[in-house]
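Reading through the structure tokens given below for one structure.
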Amino acid sequence: MADKPTRGLADVVAASTALSDIDGAAGRLSYRGYDIHDLAGRISFEECIHLLVRGSLPTREQLDGLVNELGAARQIGPTPEAVLPYVVKSGTPMEALRTLVSSLSTDDPDAADSSPGANQRKAVRLIAQMPILVARYHATRTRGDAARLPEPDPSLGIAGNFLLQITGSMPESRTAEIFDECLVLHADHTMNASTFTARVVAATLSDMHSAITAAMGALRGPLHGGANEAVMNTLLAIPEGVDGVEPWVRQALGDGQKIMGFGHRVYKVEDPRASHLRRMSEELADMRGDRTYYEMSRRMEQVVLDVKGLRPNVDFFAATVYHYLGIPTDLFTPVFAISRMSGWTAHVIEQHLDNRLIRPDSEYIGERDQKWTPIEAR
């Protein structure tokens, strides 16, 4: 047996990737060599998609071409349309969307083809289809059907069109810019649980839709994508507002509860994405004329730091940003998936281009040298 394994594969290098990198000690995140602080607020989500999926920041011509491809792919086929009314009736949004993403493969002409060209086409479709699925799901559950869903506006990008379809009104330009920056910040994050899941499935030479469906299942967990919803629900559960935050946090920590949105397995200092989201949360609070949840978040941030020494991660301020954007709380994790679809598909492409089956070893901790006895003697 090799060295004793670490719990949760901590510090184990599971794959080689050119997509993103983290320096946990310095609090740095980069996409293909570009520091996230250099990209956030400067590139559009569409540019980020080109960077991750196609390998470079696009020229104007390349960006225009990708935008046209995404626009043409902004539709779902008959199979998910037929499945939609059934999955809306029961289960959580992530359960419904996991099924809907899987059903997309039925109508995809490249579903069974994992060649580089087919994978590129499927990546564009999945990235374009994910926000449509979330919007149609929300329209169906709130209005009974998606027939009155606003049509995508060709003048808007993925971020603006999603806000248009979720809220039913044209977003302010600054609001769309803020959400666009959120999508860039969440696009990829090295070998997180859902990305690793996608790569494990892709490494069997399974198809992209199967890998992405598996990633959706991993993202649903509260220790991964579900944390942002938990943060907002925590804030909503403190009726006293800012004054109620400290006693609530101290009581929860005293009872051994985990406060979601704090700490990170990789970062030893503040998550670099959190600083951008904190700023956007304050800006949106001022735009909405209600700083309550922003101020509650800042107070919670300070108390948790004082008591536990933990700093906020990407999920903590993302919760109030999405809330101020008018996104329903139970759609926070699906919104995460809209962004991360760019990273997931890029990782599947990368895995297929230089594949080796991912087959880790395990440490057996059960009984040994057991002897069979007849059932009558047991």
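We label chains A, B, ... in the order they appear in the structure tokens, count residues from 1 in each chain, and number ligands from 1 in the order shown.
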Item checked: Residue neighbourhood Leu205 of chain A, 10 Å, only C-alpha atoms, exclusion window fewer than 5 positions, as JSON, numbers by chain -> {"A": [114, 199, 200, 211, 348, 351, 352, 355, 356, 357]}
Next item on the list: Determine, counting only C-alpha atoms, which protein, DNA and RNA residues have an atom within 7 Å of an atom of segment 129-135 of chain A; residues of the same chain fewer than 5 positions away are not included. Present the result as a ChimeraX atom specification.
Entry: /A:73-76,162,165-166,334,338
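Each of A:Gly256, A:Pro328, A:Gly33, A:Gly261 was checked against Ala230 of chain A using only C-alpha atoms; the smallest atom-to-atom distance is that of A:Gly261.
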Note to self: Report as an MDAnalysis selection string all protein, DNA and RNA residues lying within 7 Å of segment 295-306 of chain A, evaluated on only C-alpha atoms, omitting residues in the same chain fewer than 2 positions from it.
What the structure shows: chainID A and resid 241:242 245:246 291:293 308:312
Using N, CA and C atoms, can you write the selected residues to a file as a PDB file, in the first residue's frame?
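As a result, out_19.pdb now contains:
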ATOM      1  N   GLY A 241     -32.597  41.721  12.403  1.00  0.00           N
ATOM      2  CA  GLY A 241     -31.704  42.465  11.530  1.00  0.00           C
ATOM      3  C   GLY A 241     -30.279  42.492  12.055  1.00  0.00           C
ATOM      4  N   VAL A 242     -29.589  43.606  11.835  1.00  0.00           N
ATOM      5  CA  VAL A 242     -28.177  43.709  12.199  1.00  0.00           C
ATOM      6  C   VAL A 242     -27.960  43.434  13.687  1.00  0.00           C
ATOM      7  N   VAL A 245     -27.646  39.697  14.648  1.00  0.00           N
ATOM      8  CA  VAL A 245     -26.640  38.839  14.016  1.00  0.00           C
ATOM      9  C   VAL A 245     -25.671  38.244  15.028  1.00  0.00           C
ATOM     10  N   GLU A 246     -25.068  39.079  15.862  1.00  0.00           N
ATOM     11  CA  GLU A 246     -24.036  38.563  16.774  1.00  0.00           C
ATOM     12  C   GLU A 246     -24.577  37.515  17.738  1.00  0.00           C
ATOM     13  N   ARG A 291     -29.881  48.675   2.777  1.00  0.00           N
ATOM     14  CA  ARG A 291     -28.597  48.079   3.118  1.00  0.00           C
ATOM     15  C   ARG A 291     -28.714  46.977   4.177  1.00  0.00           C
ATOM     16  N   THR A 292     -29.927  46.591   4.527  1.00  0.00           N
ATOM     17  CA  THR A 292     -30.118  45.673   5.652  1.00  0.00           C
ATOM     18  C   THR A 292     -29.293  44.404   5.511  1.00  0.00           C
ATOM     19  N   TYR A 293     -29.479  43.669   4.424  1.00  0.00           N
ATOM     20  CA  TYR A 293     -28.805  42.380   4.304  1.00  0.00           C
ATOM     21  C   TYR A 293     -27.304  42.540   4.076  1.00  0.00           C
ATOM     22  N   LYS A 308     -14.151  32.478  15.188  1.00  0.00           N
ATOM     23  CA  LYS A 308     -13.584  31.276  14.561  1.00  0.00           C
ATOM     24  C   LYS A 308     -12.338  31.537  13.720  1.00  0.00           C
ATOM     25  N   GLY A 309     -12.062  32.796  13.423  1.00  0.00           N
ATOM     26  CA  GLY A 309     -10.904  33.090  12.585  1.00  0.00           C
ATOM     27  C   GLY A 309     -11.110  32.733  11.130  1.00  0.00           C
ATOM     28  N   LEU A 310     -12.376  32.610  10.707  1.00  0.00           N
ATOM     29  CA  LEU A 310     -12.686  32.227   9.333  1.00  0.00           C
ATOM     30  C   LEU A 310     -13.126  33.442   8.528  1.00  0.00           C
ATOM     31  N   ARG A 311     -12.728  33.460   7.262  1.00  0.00           N
ATOM     32  CA  ARG A 311     -13.099  34.544   6.362  1.00  0.00           C
ATOM     33  C   ARG A 311     -14.151  34.052   5.362  1.00  0.00           C
ATOM     34  N   PRO A 312     -14.908  34.960   4.763  1.00  0.00           N
ATOM     35  CA  PRO A 312     -15.951  34.536   3.818  1.00  0.00           C
ATOM     36  C   PRO A 312     -15.371  33.948   2.542  1.00  0.00           C
TER      37      PRO A 312
END
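Distances from A:Asn233, A:Ser105, A:Ser275, A:Thr333 to Ile259 of chain A were compared using only C-alpha atoms, and the smallest one belongs to A:Asn233.
Interatomic distance, atom CA of Leu325 of chain A against atom CA of Met216 of chain A: 23.2 Å.
If you measure from each of A:Val184, A:Leu163, A:His189, A:Ile349 to Tyr267 of chain A using only C-alpha atoms, the closest one turns out to be A:His189.
Residue nearest Ala214 of chain A within the list A:Met260, A:Leu183, A:Leu97, A:Met170: A:Leu97 [criterion: smallest interatomic distance, only C-alpha atoms].
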Could you name the residues that touch Gly27 of chain A at 9 Å or less, counting only C-alpha atoms, but leaving out those on the same chain fewer than 4 positions away, as a PDB file with N, CA and C atoms, in the first residue's frame?
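Result file selection21.pdb:
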ATOM      1  N   ILE A  22      -4.943  27.883  -8.525  1.00  0.00           N
ATOM      2  CA  ILE A  22      -5.153  28.542  -7.238  1.00  0.00           C
ATOM      3  C   ILE A  22      -3.847  28.538  -6.457  1.00  0.00           C
ATOM      4  N   ASP A  23      -3.519  29.676  -5.871  1.00  0.00           N
ATOM      5  CA  ASP A  23      -2.460  29.773  -4.875  1.00  0.00           C
ATOM      6  C   ASP A  23      -3.170  30.076  -3.565  1.00  0.00           C
ATOM      7  N   VAL A 266      -9.109  25.319   0.286  1.00  0.00           N
ATOM      8  CA  VAL A 266      -7.874  25.667  -0.414  1.00  0.00           C
ATOM      9  C   VAL A 266      -7.280  26.985   0.072  1.00  0.00           C
ATOM     10  N   TYR A 267      -8.104  28.014   0.206  1.00  0.00           N
ATOM     11  CA  TYR A 267      -7.586  29.336   0.556  1.00  0.00           C
ATOM     12  C   TYR A 267      -7.256  29.431   2.040  1.00  0.00           C
ATOM     13  N   LYS A 268      -6.045  29.894   2.327  1.00  0.00           N
ATOM     14  CA  LYS A 268      -5.637  30.143   3.710  1.00  0.00           C
ATOM     15  C   LYS A 268      -5.880  31.602   4.095  1.00  0.00           C
ATOM     16  N   VAL A 269      -6.120  32.429   3.105  1.00  0.00           N
ATOM     17  CA  VAL A 269      -6.477  33.834   3.316  1.00  0.00           C
ATOM     18  C   VAL A 269      -7.834  34.043   2.653  1.00  0.00           C
ATOM     19  N   GLU A 270      -8.245  35.290   2.474  1.00  0.00           N
ATOM     20  CA  GLU A 270      -9.573  35.519   1.898  1.00  0.00           C
ATOM     21  C   GLU A 270      -9.677  35.014   0.465  1.00  0.00           C
ATOM     22  N   ASP A 271     -10.775  34.379   0.164  1.00  0.00           N
ATOM     23  CA  ASP A 271     -11.106  33.966  -1.199  1.00  0.00           C
ATOM     24  C   ASP A 271     -11.084  35.215  -2.084  1.00  0.00           C
ATOM     25  N   PRO A 272     -10.274  35.252  -3.136  1.00  0.00           N
ATOM     26  CA  PRO A 272     -10.173  36.482  -3.938  1.00  0.00           C
ATOM     27  C   PRO A 272     -11.486  36.903  -4.576  1.00  0.00           C
TER      28      PRO A 272
END
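Each of A:Ala112, A:Val314, A:Ala14, A:Leu331 was checked against Met208 of chain A using only C-alpha atoms; the smallest atom-to-atom distance is that of A:Ala112.
A straight line drawn from atom CA of Ser115 of chain A to atom CA of Glu350 of chain A is 11.4 Å long.
Across A:Arg98, A:Lys258, A:Arg32, A:Arg279, the tightest approach to Thr213 of chain A is made by A:Arg98 when counting only C-alpha atoms.
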Next item on the list: Determine, counting only C-alpha atoms, which protein, DNA and RNA residues have an atom within 9 Å of an atom of Ser20 of chain A; residues of the same chain fewer than 3 positions away are not included. Present the result as a count of residues only.
Entry: 12
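The space separating atom CA of Ala26 of chain A from atom CA of Ala198 of chain A comes to 27.4 Å.
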Check: So which bits of segment 45-206 of chain A end up helix (DSSP H, G or I) when you DSSP the backbone, as a VMD selection string?
Finding: chain A and resid 45 to 54 60 to 72 78 to 88 93 to 107 116 to 143 158 to 167 173 to 185 193 to 203
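Residue neighbourhood of segment 40-51 of chain A, excluding near-sequence residues (fewer than 2 positions): Tyr31, Arg32, Ile36, His37, Asp38, Val53, Arg54, Gly55, Ser56, Leu57, Pro58, Leu63, Leu66, Val67, Gly157, Ile158, Ala159, Glu177, Ile178, Asp180, Glu181, Leu183, Val184, Leu185, Ala187, His276 and Ser342 of chain A, at 8 Å, using only C-alpha atoms.
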Keeping only C-alpha atoms, take the residues you just selected and write them out as an mmCIF file, in the first residue's frame.
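Written out: part.cif:
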data_model
loop_
_atom_site.group_PDB
_atom_site.id
_atom_site.type_symbol
_atom_site.label_atom_id
_atom_site.label_comp_id
_atom_site.auth_asym_id
_atom_site.auth_seq_id
_atom_site.Cartn_x
_atom_site.Cartn_y
_atom_site.Cartn_z
ATOM 1 C CA TYR A 31 -7.929 31.434 -15.547
ATOM 2 C CA ARG A 32 -5.390 30.274 -18.146
ATOM 3 C CA ILE A 36 -9.058 36.927 -11.552
ATOM 4 C CA HIS A 37 -8.519 40.475 -10.277
ATOM 5 C CA ASP A 38 -7.356 41.416 -13.778
ATOM 6 C CA VAL A 53 -13.525 26.667 -23.734
ATOM 7 C CA ARG A 54 -11.484 27.879 -26.725
ATOM 8 C CA GLY A 55 -8.219 28.698 -25.030
ATOM 9 C CA SER A 56 -7.719 32.444 -25.416
ATOM 10 C CA LEU A 57 -9.230 35.839 -24.849
ATOM 11 C CA PRO A 58 -11.095 36.502 -28.104
ATOM 12 C CA LEU A 63 -16.203 37.228 -29.809
ATOM 13 C CA LEU A 66 -19.165 33.110 -30.334
ATOM 14 C CA VAL A 67 -22.021 35.466 -29.416
ATOM 15 C CA GLY A 157 -25.634 38.949 -23.215
ATOM 16 C CA ILE A 158 -26.227 35.817 -21.165
ATOM 17 C CA ALA A 159 -26.338 37.815 -17.907
ATOM 18 C CA GLU A 177 -22.887 44.301 -15.621
ATOM 19 C CA ILE A 178 -22.777 43.221 -11.994
ATOM 20 C CA ASP A 180 -22.080 39.403 -15.697
ATOM 21 C CA GLU A 181 -19.120 39.869 -13.337
ATOM 22 C CA LEU A 183 -20.732 34.761 -13.832
ATOM 23 C CA VAL A 184 -17.062 35.411 -14.594
ATOM 24 C CA LEU A 185 -16.111 34.949 -10.936
ATOM 25 C CA ALA A 187 -16.822 30.181 -14.087
ATOM 26 C CA HIS A 276 -15.429 41.534 -5.603
ATOM 27 C CA SER A 342 -18.341 27.066 -18.940
#
